[in-house]
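Participant: Attaching a single structure in structure tokens format; questions to follow.
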Amino acid sequence: MPNLSMFGEVPEGFKSGFIAVVGRPNVGKSTLVNSLVGTKVAIISEKPQTTRNRITCVVTDDEYQALFIDTPGIHKPQHQLGEYMNRTALGTVEQVDVVLFMVDGAFLAGRGDQFIAERLAPASTPVVVAVNKVDQVAPDDLDRILQSYRDLGPWDVVVPISALEKQGLGDLLATLVEMLPEGPKYYPDDAITDQPEQFIVAELVREKILHLTREEVPHSVAVIIEEFDDTREGQPIYIGATVYVERNSQKGILIGAGGSMLKEIGQRARGDIQALLGAKVYLDLWVKVEKDWRKRLGAMARFGYRASDE
């Protein structure tokens with residue numbers, strides 16, 4: 001007999017639960033989550049520490065609902081924001097049903113992986129290791145690389161995958177679902193994330209800044225949606241966003257000669273935002289300076305990085 005759930009009936013034996021995706025920066029956590037969900041929810045960049053907040057992404061099937069929590073990359077922090085990101089990632093471990101420890105299979109296990117492994121090993125939560133980027137590994141080297149990650153701790157399963165090429169994702173998902181408890185549907189069938197549209201829109205703007213800027217600019221950026229008006233019938237959705245940086249020199253770089261850089265950021269972001277919202281968008285961007293905001297807890301809280309999220 002079906003069981004009642006918050007979002008309708010589920011069959012007997014239906015599984016649901018939370019899976020924390022943790023690992024070093026740039027190992028492909030957000031790429032994996034987007035591949036499993038089937039659309040862009042978490043932003044992606046080659047620059048480390050792209051993800052700053054926990055983002056829950058929802059994968060629903062007839063027999064399960066898996067809730068993947070994409071966490072910031074664990075790294076050596078240089079400021080209050082870095083400390084916040086590490087606490088956000090590691091603080092998730094005991095709050096979920098399964099931990100997915102993601103590593104870069106293009107290399108042997110290193111000190112950063114060992115640092116995370118030492119913090120995961122004592123946890124009571126089961127840990128699955130996803131060895132990503134195996135499409136970049138010569139077949140003769142794969143066994144040696146996989147063994148280096150097996151040796152890091154008492155892991156339940158080690159699964160080779162390529163998140164970008166979507167290799168091994170079926171096996172990984174089946175392994176994770178098998179570990180989930182029976183439970184209800186936490187979200188409706190068409191849900192893909194727990195984050196509001198405005199959060200995703202701000203992240204898409206920040207992603208384009210990460211792609212287009214270099215050196216000191218990318219990690220000094222915070223994006224705040226000031227206005228989101230979808231009430232004008234027959235008109236594009238109006239979105240006004242402010243991009244905050246820490247220094248006047250960074251503001252000049254983001255605006256560019258004659259506003260060229262800001263225009264390029266807006267054009268690239270608008271395409272992804274329109275795909276997300278399924279509607280035309282008019283995007284206004286401004287740039288302001290908030291000096292050294294990553295070192296100030298009050299400024300961090302205003303930009304959405306609150307102590308209560310730790």
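By convention here, the chains of the structure tokens are called A, B, ... in the order presented, each chain's residues are numbered starting at 1, and ligands are numbered starting at 1 in the order presented.
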Per DSSP on the backbone, filter range 44-255 of chain A down to the residues in strand (DSSP E) and report them as a PyMOL selection string.

Facilitator: chain A and resi 55-60+64-70+98-104+127-132+157-160+222-229+237-245

Participant: Those selected residues, please, written with C-alpha atoms and delivered as a PDB file, in the first residue's frame.

Facilitator:
ATOM      1  CA  ILE A  55      22.801  24.378  -1.743  1.00  0.00           C
ATOM      2  CA  THR A  56      20.365  21.475  -1.593  1.00  0.00           C
ATOM      3  CA  CYS A  57      19.631  19.954  -5.003  1.00  0.00           C
ATOM      4  CA  VAL A  58      16.752  17.519  -5.448  1.00  0.00           C
ATOM      5  CA  VAL A  59      16.770  14.319  -7.530  1.00  0.00           C
ATOM      6  CA  THR A  60      13.377  12.575  -7.554  1.00  0.00           C
ATOM      7  CA  TYR A  64      13.399   7.669  -4.107  1.00  0.00           C
ATOM      8  CA  GLN A  65      14.122  11.326  -3.492  1.00  0.00           C
ATOM      9  CA  ALA A  66      17.817  12.097  -2.973  1.00  0.00           C
ATOM     10  CA  LEU A  67      18.687  15.512  -1.567  1.00  0.00           C
ATOM     11  CA  PHE A  68      22.275  16.467  -2.455  1.00  0.00           C
ATOM     12  CA  ILE A  69      23.829  19.232  -0.358  1.00  0.00           C
ATOM     13  CA  ASP A  70      26.565  20.911  -2.404  1.00  0.00           C
ATOM     14  CA  VAL A  98      25.260   9.778   3.712  1.00  0.00           C
ATOM     15  CA  VAL A  99      28.475  11.697   3.023  1.00  0.00           C
ATOM     16  CA  LEU A 100      29.770  11.767  -0.546  1.00  0.00           C
ATOM     17  CA  PHE A 101      33.504  12.551  -0.321  1.00  0.00           C
ATOM     18  CA  MET A 102      34.529  13.752  -3.768  1.00  0.00           C
ATOM     19  CA  VAL A 103      38.168  13.707  -4.870  1.00  0.00           C
ATOM     20  CA  ASP A 104      40.159  14.533  -8.005  1.00  0.00           C
ATOM     21  CA  VAL A 127      30.956   7.729   3.579  1.00  0.00           C
ATOM     22  CA  VAL A 128      31.092   6.997  -0.151  1.00  0.00           C
ATOM     23  CA  VAL A 129      34.159   8.222  -2.054  1.00  0.00           C
ATOM     24  CA  ALA A 130      33.578   9.442  -5.610  1.00  0.00           C
ATOM     25  CA  VAL A 131      36.876   9.533  -7.521  1.00  0.00           C
ATOM     26  CA  ASN A 132      36.133  12.118 -10.204  1.00  0.00           C
ATOM     27  CA  VAL A 157      32.441   2.294  -1.155  1.00  0.00           C
ATOM     28  CA  VAL A 158      34.865   3.906  -3.642  1.00  0.00           C
ATOM     29  CA  VAL A 159      33.331   4.686  -7.057  1.00  0.00           C
ATOM     30  CA  PRO A 160      35.246   5.991 -10.124  1.00  0.00           C
ATOM     31  CA  ALA A 222      29.308  39.423  -3.572  1.00  0.00           C
ATOM     32  CA  VAL A 223      26.058  39.845  -5.524  1.00  0.00           C
ATOM     33  CA  ILE A 224      22.804  41.094  -4.006  1.00  0.00           C
ATOM     34  CA  ILE A 225      19.463  41.138  -5.846  1.00  0.00           C
ATOM     35  CA  GLU A 226      17.916  44.505  -5.009  1.00  0.00           C
ATOM     36  CA  GLU A 227      14.782  44.215  -7.149  1.00  0.00           C
ATOM     37  CA  PHE A 228      12.969  41.305  -8.803  1.00  0.00           C
ATOM     38  CA  ASP A 229       9.755  42.351 -10.557  1.00  0.00           C
ATOM     39  CA  ILE A 237      11.144  40.278 -15.676  1.00  0.00           C
ATOM     40  CA  TYR A 238      13.074  43.216 -14.246  1.00  0.00           C
ATOM     41  CA  ILE A 239      16.087  42.285 -12.109  1.00  0.00           C
ATOM     42  CA  GLY A 240      18.277  44.881 -10.427  1.00  0.00           C
ATOM     43  CA  ALA A 241      21.483  43.548  -8.850  1.00  0.00           C
ATOM     44  CA  THR A 242      24.390  45.164  -7.033  1.00  0.00           C
ATOM     45  CA  VAL A 243      27.864  43.659  -7.287  1.00  0.00           C
ATOM     46  CA  TYR A 244      30.014  44.432  -4.238  1.00  0.00           C
ATOM     47  CA  VAL A 245      33.811  44.414  -4.290  1.00  0.00           C
TER      48      VAL A 245
END

Participant: As a ChimeraX atom specification, please: every residue in range 192-280 of chain A that a backbone DSSP assignment puts in helix (DSSP H, G or I).

Facilitator: /A:197-212,218-220,248-255,257-277

Participant: Need to verify the contact set: Pro236 in chain A, 8 Å, only C-alpha atoms, exclusion of same-chain residues closer than 4 positions in sequence. Can you return it as a compact mmCIF listing (two decimals) with C-alpha atoms, in the first residue's frame?

Facilitator:
# COMPACT_ATOMS: atom_id res chain seq x y z
CA ASP A 230 7.82 39.71 -12.48
CA ARG A 232 4.41 43.50 -15.36
CA ALA A 279 11.03 34.12 -19.53
CA LYS A 280 12.63 37.24 -20.97
CA VAL A 281 14.71 39.21 -18.49
CA TYR A 282 15.91 42.80 -18.23

Participant: Write out as a PyMOL selection string which residues come within 7 Å of Lys251 in chain A when counting only C-alpha atoms, dropping same-chain ones fewer than 5 positions away.

Facilitator: chain A and resi 245+287-289

Participant: Output the selection as an mmCIF file, in the first residue's frame - C-alpha atoms for each residue.

Facilitator:
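Result file follows (out-v4.cif):
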data_model
loop_
_atom_site.group_PDB
_atom_site.id
_atom_site.type_symbol
_atom_site.label_atom_id
_atom_site.label_comp_id
_atom_site.auth_asym_id
_atom_site.auth_seq_id
_atom_site.Cartn_x
_atom_site.Cartn_y
_atom_site.Cartn_z
ATOM 1 C CA VAL A 245 33.811 44.414 -4.290
ATOM 2 C CA VAL A 287 29.009 47.956 -8.789
ATOM 3 C CA LYS A 288 29.722 49.267 -5.275
ATOM 4 C CA VAL A 289 32.668 49.060 -2.872
#

Participant: As an exercise, work out the distance from CA of Gln267 in chain A to CA of Asp284 in chain A in Å and give it to one decimal place.

Facilitator: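 A separation of 10.3 Å between them.
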
Participant: Would you compute the distance between CA of Ile145 in chain A and CA of Leu176 in chain A? Give it in Å to one decimal.

Facilitator: 21.8 Å
